[in-house]
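Chemist: Just query38.txt, nothing more (compact mmCIF, C-alpha atoms):
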```txt
# COMPACT_ATOMS: atom_id res chain seq x y z
CA MET A 281 14.64 -11.69 -6.72
CA THR A 282 17.60 -12.21 -8.99
CA ARG A 283 16.73 -15.43 -10.73
CA ASP A 284 16.76 -16.12 -14.45
CA LEU A 285 13.10 -16.46 -15.34
CA GLY A 286 13.75 -18.45 -18.47
CA THR A 287 12.97 -15.67 -20.95
CA THR A 288 15.29 -14.21 -23.53
CA LEU A 289 15.80 -10.48 -23.57
CA VAL A 290 15.36 -8.96 -27.00
CA THR A 291 17.52 -5.93 -27.70
CA PRO A 292 15.96 -3.21 -29.85
CA GLU A 293 17.44 -3.22 -33.31
CA ALA A 294 18.65 -0.24 -35.23
CA PRO A 295 16.18 2.28 -36.45
CA THR A 296 13.86 0.27 -38.67
CA ARG A 297 10.15 0.92 -38.71
CA ARG A 298 8.23 -1.80 -36.84
CA THR A 299 4.66 -2.77 -37.51
CA GLY A 300 2.17 -3.08 -34.66
CA TRP A 301 2.44 -6.87 -34.73
CA ARG A 302 6.23 -6.62 -34.58
CA ARG A 303 6.01 -4.50 -31.46
CA ILE A 304 3.52 -6.88 -29.85
CA THR A 305 5.84 -9.81 -30.61
CA LEU A 306 8.80 -8.03 -29.02
CA VAL A 307 6.82 -7.19 -25.89
CA ALA A 308 5.63 -10.80 -25.64
CA ALA A 309 9.22 -12.00 -25.96
CA ILE A 310 10.34 -10.14 -22.84
CA ALA A 311 7.19 -10.83 -20.81
CA GLY A 312 7.89 -13.02 -17.81
CA PRO A 313 9.18 -11.01 -14.85
CA GLY A 314 6.23 -8.65 -15.16
CA LEU A 315 3.77 -11.55 -15.15
CA VAL A 316 5.49 -13.19 -12.18
CA ALA A 317 5.46 -9.94 -10.23
CA ALA A 318 1.80 -9.36 -11.09
CA ASN A 319 0.71 -12.81 -9.92
CA ALA A 320 2.95 -12.69 -6.85
CA GLY A 321 1.27 -9.39 -5.96
CA ASN A 322 -2.21 -10.90 -6.35
CA ASP A 323 -1.47 -13.38 -3.59
CA ALA A 324 -3.49 -14.57 -0.61
CA ALA A 325 -3.27 -11.25 1.23
CA GLY A 326 -3.99 -9.33 -1.96
CA ILE A 327 -7.11 -11.36 -2.77
CA ALA A 328 -8.36 -10.97 0.82
CA THR A 329 -7.80 -7.21 0.75
CA TYR A 330 -9.45 -6.60 -2.62
CA ALA A 331 -12.36 -8.89 -1.78
CA SER A 332 -12.82 -7.17 1.58
CA ALA A 333 -12.91 -3.80 -0.19
CA GLY A 334 -15.77 -5.04 -2.37
CA ALA A 335 -17.62 -6.68 0.49
CA GLN A 336 -17.28 -3.75 2.87
CA PHE A 337 -17.48 -0.66 0.65
CA THR A 338 -18.93 -2.12 -2.62
CA TYR A 339 -17.58 0.13 -5.41
CA GLY A 340 -16.34 2.89 -3.08
CA THR A 341 -12.62 2.13 -3.47
CA LEU A 342 -12.50 1.95 -7.28
CA PHE A 343 -11.26 5.51 -7.89
CA PHE A 344 -8.66 5.01 -5.20
CA MET A 345 -7.49 1.86 -7.01
CA VAL A 346 -7.14 3.86 -10.25
CA LEU A 347 -4.76 6.20 -8.41
CA VAL A 348 -2.91 3.22 -6.94
CA THR A 349 -2.55 1.75 -10.45
CA ILE A 350 -0.90 4.96 -11.67
CA ALA A 351 1.40 4.87 -8.65
CA LEU A 352 2.39 1.24 -9.28
CA VAL A 353 3.19 1.91 -12.94
CA MET A 354 5.46 4.83 -12.02
CA VAL A 355 7.15 3.00 -9.16
CA GLN A 356 7.88 -0.17 -11.15
CA GLU A 357 9.15 1.90 -14.09
CA MET A 358 11.61 3.73 -11.85
CA ALA A 359 12.82 0.44 -10.37
CA VAL A 360 13.53 -1.22 -13.73
CA ARG A 361 15.14 1.99 -15.04
CA LEU A 362 17.60 1.86 -12.16
CA GLY A 363 18.44 -1.78 -12.91
CA ALA A 364 18.81 -1.27 -16.68
CA HIS A 365 20.94 1.87 -16.54
CA THR A 366 23.16 1.07 -13.55
CA GLY A 367 23.48 -2.72 -13.74
CA LYS A 368 22.86 -2.83 -9.97
CA GLY A 369 19.98 -3.86 -7.77
CA LEU A 370 18.16 -1.46 -5.46
CA GLY A 371 19.84 -2.94 -2.38
CA ALA A 372 23.33 -2.38 -3.80
CA LEU A 373 22.51 1.20 -4.83
CA ILE A 374 21.14 2.04 -1.38
CA ARG A 375 24.35 0.70 0.19
CA GLU A 376 26.48 2.83 -2.15
CA GLN A 377 24.46 6.06 -2.05
CA PHE A 378 23.32 6.29 1.56
CA SER A 379 24.91 6.18 5.00
CA LEU A 380 25.23 2.96 6.97
CA ARG A 381 22.33 3.91 9.24
CA LEU A 382 20.01 4.77 6.37
CA SER A 383 21.00 1.57 4.57
CA ALA A 384 20.26 -0.42 7.71
CA LEU A 385 16.84 1.27 7.97
CA ALA A 386 15.97 0.22 4.41
CA VAL A 387 17.07 -3.36 5.08
CA PHE A 388 15.10 -3.50 8.34
CA CYS A 389 11.91 -2.19 6.69
CA LEU A 390 12.18 -4.66 3.82
CA LEU A 391 12.86 -7.63 6.10
CA LEU A 392 9.99 -6.68 8.43
CA ALA A 393 7.54 -6.22 5.56
CA ASN A 394 8.59 -9.40 3.78
CA THR A 395 8.46 -11.57 6.89
CA GLY A 396 4.86 -10.48 7.42
CA LEU A 397 4.12 -11.31 3.78
CA VAL A 398 5.62 -14.79 4.07
CA VAL A 399 3.35 -15.47 7.05
CA SER A 400 0.36 -14.41 4.96
CA GLU A 401 1.37 -16.68 2.05
CA PHE A 402 1.48 -19.79 4.24
CA ALA A 403 -1.75 -18.68 5.92
CA GLY A 404 -3.26 -18.50 2.42
CA ILE A 405 -2.07 -22.01 1.58
CA GLY A 406 -3.59 -23.27 4.84
CA ALA A 407 -6.88 -21.47 4.23
CA ALA A 408 -7.09 -22.86 0.68
CA PHE A 409 -6.67 -26.45 1.82
CA GLU A 410 -9.14 -25.96 4.68
CA LEU A 411 -11.71 -25.11 2.00
CA LEU A 412 -10.95 -28.57 0.58
CA GLY A 413 -11.38 -30.21 3.99
CA VAL A 414 -7.66 -30.57 4.84
CA PRO A 415 -6.49 -29.05 8.17
CA LYS A 416 -3.75 -26.44 7.87
CA TRP A 417 -1.43 -28.21 10.30
CA ALA A 418 -1.25 -31.14 7.87
CA VAL A 419 -0.41 -28.91 4.89
CA ILE A 420 1.69 -25.92 5.94
CA PRO A 421 4.82 -27.80 7.16
CA PRO A 422 5.11 -29.97 4.00
CA ALA A 423 4.45 -26.89 1.85
CA ALA A 424 7.23 -24.98 3.61
CA ILE A 425 9.69 -27.84 3.15
CA LEU A 426 8.71 -28.24 -0.52
CA LEU A 427 9.17 -24.53 -1.35
CA TRP A 428 12.48 -24.43 0.53
CA ALA A 429 13.76 -27.50 -1.32
CA LEU A 430 12.55 -26.27 -4.72
CA VAL A 431 14.51 -23.03 -4.39
CA LEU A 432 17.68 -24.46 -2.83
CA PHE A 433 17.97 -27.41 -5.19
CA GLY A 434 17.42 -25.34 -8.32
CA SER A 435 14.09 -26.72 -9.53
CA TYR A 436 12.10 -23.59 -8.68
CA HIS A 437 12.34 -22.54 -12.35
CA TRP A 438 9.82 -25.26 -13.27
CA ALA A 439 7.73 -24.98 -10.11
CA GLU A 440 7.30 -21.28 -10.82
CA ARG A 441 5.52 -22.07 -14.07
CA ILE A 442 3.26 -24.61 -12.35
CA PHE A 443 2.30 -22.02 -9.73
CA LEU A 444 1.67 -19.46 -12.47
CA ILE A 445 -0.66 -21.86 -14.28
CA MET A 446 -2.55 -22.60 -11.06
CA SER A 447 -2.89 -18.91 -10.22
CA LEU A 448 -4.43 -18.31 -13.65
CA ALA A 449 -7.61 -19.56 -11.98
CA PHE A 450 -8.03 -15.96 -10.88
CA PHE A 451 -8.68 -15.05 -14.50
CA ALA A 452 -12.16 -16.24 -13.58
CA TYR A 453 -12.71 -12.95 -11.73
CA PRO A 454 -13.19 -10.84 -14.90
CA VAL A 455 -15.76 -13.40 -16.07
CA ALA A 456 -17.39 -13.47 -12.61
CA MET A 457 -17.53 -9.68 -12.68
CA ILE A 458 -19.52 -9.72 -15.95
CA LEU A 459 -21.78 -12.63 -14.97
CA GLY A 460 -22.43 -11.02 -11.59
CA HIS A 461 -24.31 -8.18 -13.35
CA PRO A 462 -22.87 -5.28 -11.37
CA ASP A 463 -24.43 -1.83 -11.45
CA TRP A 464 -22.30 -0.57 -14.36
CA GLY A 465 -23.49 3.00 -13.83
CA ALA A 466 -22.24 2.93 -10.24
CA VAL A 467 -19.01 1.22 -11.35
CA GLY A 468 -18.33 3.90 -13.96
CA HIS A 469 -19.17 6.66 -11.48
CA HIS A 470 -16.82 5.36 -8.79
CA LEU A 471 -13.99 4.81 -11.31
CA VAL A 472 -13.88 8.52 -12.15
CA VAL A 473 -15.31 10.27 -9.08
CA PRO A 474 -13.36 10.22 -5.79
CA HIS A 475 -15.09 8.63 -2.83
CA VAL A 476 -13.72 9.02 0.70
CA GLU A 477 -15.25 7.98 3.99
CA PRO A 478 -13.69 9.81 6.97
CA ASN A 479 -13.52 6.82 9.27
CA LYS A 480 -10.78 4.51 10.44
CA ASP A 481 -12.13 1.43 8.64
CA PHE A 482 -11.96 3.12 5.24
CA ILE A 483 -8.48 4.58 5.85
CA LEU A 484 -7.26 1.22 7.17
CA LEU A 485 -8.43 -0.58 4.05
CA ALA A 486 -7.05 2.18 1.79
CA VAL A 487 -3.61 1.76 3.33
CA ALA A 488 -3.94 -2.01 2.95
CA LEU A 489 -4.76 -1.54 -0.75
CA ILE A 490 -1.59 0.54 -1.14
CA GLY A 491 0.44 -2.06 0.71
CA THR A 492 -0.79 -5.02 -1.31
CA THR A 493 -0.48 -3.21 -4.66
CA VAL A 494 2.67 -1.11 -4.24
CA SER A 495 4.42 -3.70 -2.10
CA PRO A 496 8.01 -2.76 -1.09
CA TYR A 497 9.54 -6.07 -2.16
CA MET A 498 8.34 -5.57 -5.74
CA GLN A 499 10.71 -2.64 -6.30
CA PHE A 500 13.68 -4.69 -5.14
CA TYR A 501 12.46 -7.64 -7.19
CA ALA A 502 12.01 -5.57 -10.36
CA ALA A 503 15.47 -3.95 -10.30
CA ALA A 504 17.25 -7.18 -9.33
CA GLY A 505 15.44 -9.18 -12.01
CA VAL A 506 16.58 -6.75 -14.71
CA VAL A 507 20.19 -6.92 -13.50
CA ASP A 508 20.14 -10.71 -13.37
CA ARG A 509 19.10 -10.88 -17.02
CA GLY A 510 22.15 -8.84 -18.04
CA ALA A 511 20.08 -5.97 -19.40
CA LYS A 512 21.77 -2.92 -20.89
CA PRO A 513 20.48 0.67 -21.31
CA ALA A 514 19.61 -0.14 -24.94
CA ASP A 515 17.19 -2.80 -23.67
CA TYR A 516 15.31 -0.32 -21.51
CA PRO A 517 12.33 0.38 -23.87
CA LEU A 518 11.25 -3.26 -23.83
CA ILE A 519 11.99 -3.66 -20.12
CA ARG A 520 9.86 -0.59 -19.47
CA ALA A 521 7.02 -2.08 -21.55
CA ASP A 522 7.17 -5.31 -19.56
CA ALA A 523 7.07 -3.45 -16.22
CA ILE A 524 4.13 -1.28 -17.27
CA LEU A 525 2.14 -4.17 -18.76
CA GLY A 526 2.73 -6.27 -15.65
CA ALA A 527 1.61 -3.45 -13.34
CA VAL A 528 -1.51 -2.67 -15.39
CA PHE A 529 -2.40 -6.36 -15.65
CA ALA A 530 -2.14 -6.81 -11.88
CA CYS A 531 -4.37 -3.82 -11.18
CA ILE A 532 -7.01 -4.81 -13.75
CA ILE A 533 -7.34 -8.18 -12.00
CA SER A 534 -7.53 -6.33 -8.68
CA LEU A 535 -10.34 -4.10 -9.93
CA THR A 536 -12.32 -7.10 -11.21
CA ILE A 537 -11.95 -8.81 -7.81
CA ILE A 538 -13.39 -5.74 -6.08
CA ILE A 539 -16.28 -5.42 -8.56
CA ALA A 540 -17.09 -9.15 -8.62
CA THR A 541 -17.12 -9.34 -4.81
CA ALA A 542 -19.18 -6.14 -4.54
CA SER A 543 -21.75 -7.65 -6.93
CA ALA A 544 -21.93 -10.90 -4.95
CA ILE A 545 -21.76 -9.81 -1.29
CA GLY A 546 -21.28 -6.04 -1.37
CA GLY A 547 -22.43 -4.18 1.71
CA THR A 548 -22.26 -7.19 4.04
CA GLY A 549 -19.27 -5.82 5.94
CA PRO A 550 -15.72 -7.13 6.40
CA LEU A 551 -14.91 -10.66 5.26
CA ASN A 552 -14.85 -13.35 7.93
CA SER A 553 -13.49 -16.34 6.01
CA ALA A 554 -11.94 -17.58 2.79
CA ALA A 555 -15.23 -19.34 1.99
CA GLN A 556 -16.98 -15.99 2.05
CA ALA A 557 -14.36 -14.55 -0.34
CA ALA A 558 -15.04 -17.43 -2.73
CA GLU A 559 -18.69 -16.34 -3.07
CA ALA A 560 -17.69 -13.93 -5.84
CA LEU A 561 -16.77 -16.85 -8.11
CA LYS A 562 -20.18 -18.53 -7.91
CA PRO A 563 -21.42 -16.98 -11.18
CA VAL A 564 -18.56 -18.83 -12.90
CA ALA A 565 -18.17 -22.06 -10.96
CA GLY A 566 -21.45 -22.48 -9.09
CA GLN A 567 -21.08 -25.08 -6.34
CA ASN A 568 -17.42 -25.46 -7.32
CA ALA A 569 -16.64 -21.83 -6.46
CA GLU A 570 -14.69 -22.81 -3.36
CA LEU A 571 -12.67 -25.38 -5.33
CA LEU A 572 -11.78 -22.82 -8.02
CA PHE A 573 -10.92 -20.22 -5.41
CA ALA A 574 -8.79 -22.71 -3.48
CA LEU A 575 -6.88 -23.73 -6.60
CA GLY A 576 -6.02 -20.14 -7.48
CA LEU A 577 -5.16 -19.33 -3.87
CA ILE A 578 -2.76 -22.27 -3.60
CA GLY A 579 -0.96 -21.31 -6.81
CA ALA A 580 -0.70 -17.59 -6.04
CA SER A 581 0.33 -18.18 -2.42
CA ALA A 582 2.96 -20.79 -3.33
CA LEU A 583 4.39 -18.51 -6.02
CA ALA A 584 4.63 -15.54 -3.68
CA GLY A 585 5.73 -17.80 -0.80
CA ALA A 586 8.96 -18.45 -2.71
CA VAL A 587 9.35 -15.12 -4.55
CA VAL A 588 8.97 -12.88 -1.49
CA PRO A 589 11.59 -14.41 0.86
CA LEU A 590 13.99 -15.01 -2.02
CA SER A 591 13.71 -11.42 -3.21
CA ALA A 592 14.35 -10.15 0.32
CA SER A 593 17.41 -12.36 0.67
CA TYR A 594 18.81 -11.09 -2.62
CA ALA A 595 18.16 -7.46 -1.71
CA ILE A 596 19.72 -7.77 1.73
CA GLY A 597 22.64 -9.70 0.25
CA GLU A 598 23.17 -6.80 -2.17
CA ALA A 599 23.00 -4.27 0.63
CA ALA A 600 25.49 -6.24 2.72
CA GLY A 601 27.76 -6.92 -0.27
CA VAL A 602 27.93 -10.67 0.37
CA GLU A 603 27.57 -13.79 -1.79
CA ARG A 604 23.98 -14.26 -2.97
CA SER A 605 23.07 -17.21 -5.15
CA VAL A 606 20.87 -20.29 -4.77
CA SER A 607 23.61 -22.28 -6.47
CA ARG A 608 25.91 -21.74 -3.47
CA SER A 609 26.10 -23.83 -0.33
CA PHE A 610 25.35 -22.56 3.17
CA ARG A 611 29.09 -22.31 3.76
CA ASP A 612 29.55 -20.02 0.74
CA ALA A 613 26.41 -17.90 1.23
CA PRO A 614 25.37 -18.20 4.90
CA LEU A 615 23.57 -14.84 5.14
CA PHE A 616 21.64 -15.23 1.89
CA LEU A 617 20.47 -18.82 2.44
CA GLY A 618 20.09 -18.32 6.17
CA LEU A 619 17.70 -15.40 5.69
CA PHE A 620 15.68 -17.32 3.14
CA THR A 621 15.42 -20.34 5.45
CA ALA A 622 14.57 -18.22 8.50
CA GLN A 623 11.74 -16.44 6.67
CA ILE A 624 10.25 -19.75 5.51
CA VAL A 625 10.44 -21.28 9.01
CA LEU A 626 9.05 -18.21 10.78
CA GLY A 627 6.29 -17.70 8.20
CA ALA A 628 5.11 -21.29 8.36
CA THR A 629 5.25 -21.40 12.17
CA VAL A 630 3.21 -18.23 12.71
CA ALA A 631 0.70 -19.26 10.02
CA MET A 632 -0.15 -22.41 12.00
CA THR A 633 -1.18 -20.46 15.10
CA PRO A 634 -4.93 -20.10 15.77
CA VAL A 635 -5.35 -16.62 14.28
CA ASP A 636 -8.11 -14.98 12.26
CA VAL A 637 -6.76 -15.64 8.76
CA ILE A 638 -8.61 -12.79 7.02
CA GLN A 639 -7.55 -10.25 9.63
CA LEU A 640 -3.98 -11.57 9.45
CA LEU A 641 -3.92 -11.22 5.66
CA ILE A 642 -5.28 -7.68 5.68
CA GLY A 643 -3.09 -6.75 8.65
CA THR A 644 0.08 -7.71 6.78
CA GLN A 645 -0.97 -5.43 3.92
CA VAL A 646 -1.53 -2.55 6.33
CA LEU A 647 2.05 -3.13 7.54
CA GLN A 648 3.19 -3.07 3.90
CA GLY A 649 1.34 0.20 3.41
CA LEU A 650 3.02 1.78 6.43
CA ILE A 651 6.47 0.72 5.25
CA SER A 652 5.98 1.53 1.55
CA PRO A 653 6.63 5.30 1.91
CA VAL A 654 10.05 4.62 3.43
CA VAL A 655 11.16 2.40 0.54
CA LEU A 656 9.64 4.77 -2.04
CA VAL A 657 11.68 7.68 -0.69
CA TYR A 658 14.90 5.74 -1.39
CA LEU A 659 13.66 4.90 -4.89
CA LEU A 660 12.69 8.50 -5.61
CA VAL A 661 15.99 9.95 -4.39
CA LEU A 662 18.01 7.45 -6.43
CA THR A 663 16.08 8.06 -9.66
CA ASN A 664 16.34 11.84 -9.15
CA ARG A 665 20.16 11.72 -8.93
CA ARG A 666 22.03 12.37 -12.16
CA SER A 667 25.13 10.99 -10.44
CA VAL A 668 23.36 7.62 -10.48
CA LEU A 669 21.35 7.65 -13.73
CA GLY A 670 22.91 10.46 -15.75
CA PRO A 671 20.53 11.65 -18.50
CA ALA A 672 18.09 8.83 -17.57
CA ALA A 673 17.35 10.49 -14.22
CA ASN A 674 13.84 11.80 -13.56
CA GLY A 675 13.01 14.93 -15.55
CA PRO A 676 11.26 17.91 -13.91
CA ARG A 677 7.69 16.77 -14.68
CA TYR A 678 8.32 13.14 -13.78
CA ARG A 679 10.00 14.25 -10.57
CA ILE A 680 6.94 16.26 -9.57
CA ALA A 681 4.57 13.37 -10.37
CA ALA A 682 6.73 10.80 -8.56
CA THR A 683 7.05 13.10 -5.54
CA ALA A 684 3.26 13.46 -5.47
CA VAL A 685 2.94 9.65 -5.42
CA VAL A 686 5.37 9.30 -2.50
CA VAL A 687 3.76 12.17 -0.57
CA GLY A 688 0.28 10.72 -1.18
CA VAL A 689 1.26 7.25 0.06
CA GLY A 690 3.05 8.80 3.03
CA ALA A 691 0.03 10.96 3.88
CA MET A 692 -2.31 7.94 3.96
CA SER A 693 0.10 6.05 6.21
CA THR A 694 0.48 9.06 8.51
CA ILE A 695 -3.29 9.53 8.82
CA LEU A 696 -3.67 5.86 9.77
CA LEU A 697 -0.90 6.12 12.36
CA ILE A 698 -2.46 9.22 13.90
CA GLN A 699 -5.89 7.58 14.01
CA THR A 700 -4.39 4.47 15.63
CA VAL A 701 -2.54 6.45 18.31
CA LEU A 702 -5.62 8.56 19.07
CA SER A 703 -7.72 5.41 19.40
CA TRP A 704 -5.34 4.17 22.12
CA PHE A 705 -6.40 7.18 24.19
CA GLY A 706 -10.08 6.90 23.27
CA LEU A 707 -9.95 10.01 21.07
CA ALA A 708 -10.80 8.38 17.73
```
Could you take the file, read its structure, and then write that structure out as structure tokens?
Modeler:
Amino acid sequence: MTRDLGTTLVTPEAPTRRTGWRRITLVAAIAGPGLVAANAGNDAAGIATYASAGAQFTYGTLFFMVLVTIALVMVQEMAVRLGAHTGKGLGALIREQFSLRLSALAVFCLLLANTGLVVSEFAGIGAAFELLGVPKWAVIPPAAILLWALVLFGSYHWAERIFLIMSLAFFAYPVAMILGHPDWGAVGHHLVVPHVEPNKDFILLAVALIGTTVSPYMQFYAAAGVVDRGAKPADYPLIRADAILGAVFACIISLTIIIATASAIGGTGPLNSAAQAAEALKPVAGQNAELLFALGLIGASALAGAVVPLSASYAIGEAAGVERSVSRSFRDAPLFLGLFTAQIVLGATVAMTPVDVIQLLIGTQVLQGLISPVVLVYLLVLTNRRSVLGPAANGPRYRIAATAVVVGVGAMSTILLIQTVLSWFGLA
């Protein structure tokens, strides 16, 4: 998403010694895109996936989430490094560095993944209002029109901050985790000791955790956001700090959601409803747990409901080399605005169908997890090329670590695909 987020980039000054407070102030000054990305990632589908992990496998996925956190930090760092050192978004670099067919594959994967995400965001908005006694058919169409109008008429800058404030309700999860009195010994054990269950349900959820945490659109969003702010290579240290802090923040919240849900309803099996997911917030809000959960879900889903389709439209506009700006009319930017509109319409329409919301939310993250390896390969190849990044390209050790991340994500996706195909023939 290439939109000015209203923050001012601070360029590192010449070699003067900075105190710890000075460094903290500088990091705070550039914070914004990282926070938006973090909250957009902890959206309706993300909350459903993390909560389902806690409900179904208690603390069993915690070590896996530590690995996913490391992967997200590395992936987001590579994305912002590309933007800072090349002045181009990921979509534009793919178009320049790869063949037409490979560029088209990247665009197709991103559009497919993002369309599924948009459906899940509107499904999340509908589920949140149903907790408040409002049917989804009365909410989703107005919400779609409102988000579409906010972005096209340039007032999304302010709406974004409102959605961020609403989604801060999910800060209640760390408190709920503590008040839920989890088994801290078991939590500590599962954070450092790998736990794997050789069954399809565990692999399915693991891939969903990858998809919701290392979501393909976030790499396009991160690189494009850096370019839109006019960042230069000298700005990279602070941009890198923002990307890492945003990634770590997102994953800490994710871990607390898993632990809080495990403490409240762990071992009860897969989630069946949004109301069940809200159970984890009862230690904080009591009888108002559903209200607090609904508030956070509305904010996070609305934020991601605008960020995701807009970021896809920017990325595809970059790849196609066409006009891409919300300040343009449909006549000036038909592909960009048309794609954004189509994703909103399709997402809202599918979300109103009588589907199992929880299964839909987790299913979209599984799709993200299956597509993630494809996008990560492009990112890895680009950051490995000195012809693209020069001396800022991946060094030998970083290249090995980043390759291990991509291979690991790809292996999980491949195992799930094999299990799925075998199940079609009654062999798994």
Chemist: Using only C-alpha atoms, find the one residue out of A:Tyr678, A:Phe433, A:Tyr501, A:Tyr658 that sits nearest to A:Cys389.
Modeler: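 Closest to A:Cys389, using only C-alpha atoms: A:Tyr658.
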Chemist: Measuring between only C-alpha atoms, which one of A:Val473, A:Leu669, A:Ile490, A:Ala544 shows the shortest distance to A:Ala364?
Modeler: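 The answer is A:Leu669, which sits nearest to A:Ala364.
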Chemist: Between A:Ser593, A:Thr700, A:Gln356, A:Ser543, single out the one closest to A:Ala622, counting all atoms listed in the file.
Modeler: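 Smallest distance to A:Ala622 is found for A:Ser593.
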Chemist: My list of candidates is A:Phe482, A:Tyr453, A:Tyr594, A:Trp417. Which is closest to A:Phe337 when distances are computed with only C-alpha atoms?
Modeler: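 That would be A:Phe482, the residue with the smallest distance to A:Phe337.
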Chemist: State, in Å with one decimal place, the distance from atom CA of A:Gln567 to atom CA of A:Ala555.
Modeler: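 Rounded to one decimal, the two atoms are 11.7 Å apart.
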Chemist: For a test of reading the model, state the distance in Å between atom CA of A:Ala384 and atom CA of A:Gly371, rounded to one decimal.
Modeler: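 So the answer is 10.4 Å.
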Chemist: Quick one: pull the distance between atom CA of A:Val602 and atom CA of A:Gly369, Å, one decimal.
Modeler: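 Computing the Euclidean distance for atom CA of A:Val602 and atom CA of A:Gly369 yields 13.3 Å.
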Chemist: For A:Ala584, which residue out of A:Ala324, A:Ala331, A:Ala407, A:Ile698 is the nearest one, using all atoms listed in the file?
Modeler: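 Among the listed residues, A:Ala324 lies closest to A:Ala584.
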Chemist: With all atoms listed in the file as the atoms that count, which of A:Ile519, A:Val494, A:Leu370, A:Leu342 lies nearest to A:Val686?
Modeler: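 Comparing A:Ile519, A:Val494, A:Leu370, A:Leu342 against A:Val686, the winner is A:Val494.
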Chemist: Find the spatial neighbours of A:Glu357, counting all atoms listed in the file, within a cut-off of 10 Å - ignore same-chain residues fewer than 6 positions away - and output them as a PyMOL selection string.
Modeler: chain A and resi 351+499+502-503+516+519-524+527
Chemist: Name the residues in contact with A:Ala540 at a cut-off of 9 Å, using all atoms listed in the file, excluding same-chain residues fewer than 3 positions from it; report them as a list in words.
Modeler: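 Within the cut-off, the hits are Ala331, Gly334, Tyr453, Pro454, Val455, Ala456, Met457, Ile458, Leu459, Gly460, His461, Pro462, Leu535, Thr536, Ile537, Ser543, Ala544, Ile545, Gly546, Ala560 and Leu561 of chain A.
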Chemist: Write to file, as a compact mmCIF listing (two decimals), in the coordinates of the input, the residues of the selection just made, with C-alpha atoms.
Modeler:
```txt
# COMPACT_ATOMS: atom_id res chain seq x y z
CA ALA A 331 -12.36 -8.89 -1.78
CA GLY A 334 -15.77 -5.04 -2.37
CA TYR A 453 -12.71 -12.95 -11.73
CA PRO A 454 -13.19 -10.84 -14.90
CA VAL A 455 -15.76 -13.40 -16.07
CA ALA A 456 -17.39 -13.47 -12.61
CA MET A 457 -17.53 -9.68 -12.68
CA ILE A 458 -19.52 -9.72 -15.95
CA LEU A 459 -21.78 -12.63 -14.97
CA GLY A 460 -22.43 -11.02 -11.59
CA HIS A 461 -24.31 -8.18 -13.35
CA PRO A 462 -22.87 -5.28 -11.37
CA LEU A 535 -10.34 -4.10 -9.93
CA THR A 536 -12.32 -7.10 -11.21
CA ILE A 537 -11.95 -8.81 -7.81
CA SER A 543 -21.75 -7.65 -6.93
CA ALA A 544 -21.93 -10.90 -4.95
CA ILE A 545 -21.76 -9.81 -1.29
CA GLY A 546 -21.28 -6.04 -1.37
CA ALA A 560 -17.69 -13.93 -5.84
CA LEU A 561 -16.77 -16.85 -8.11
```
Chemist: Would you list the residues near (-7.9, 8.3, 1.5) (no more than 10 Å away, in the coordinates of the file, using all atoms listed in the file) as a PyMOL selection string?
Modeler: chain A and resi 341+344+474-479+482-487+688-689+691-693+695-696
Chemist: Leaving out A:Gly406 and any residue of its chain fewer than 2 positions from it, which residues lie within 7 Å of it when counting only C-alpha atoms, given as a list in words?
Modeler: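 Listed by chain and then number, they are Phe402, Ala403, Gly404, Ala408, Phe409, Glu410, Lys416, Val419 and Ile420 of chain A.
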Chemist: Applying 10 Å and all atoms listed in the file, which residues near A:Thr548 remain after dropping the ones on its own chain fewer than 5 positions away? List them as a ChimeraX atom specification.
Modeler: /A:332,334-338,542
Chemist: Quick one: residues within 9 Å of A:Ile624, only C-alpha atoms, excluding same-chain residues fewer than 6 positions away - as a PyMOL selection string?
Modeler: chain A and resi 395+398-399+402+424-425+427-428+585-586+589
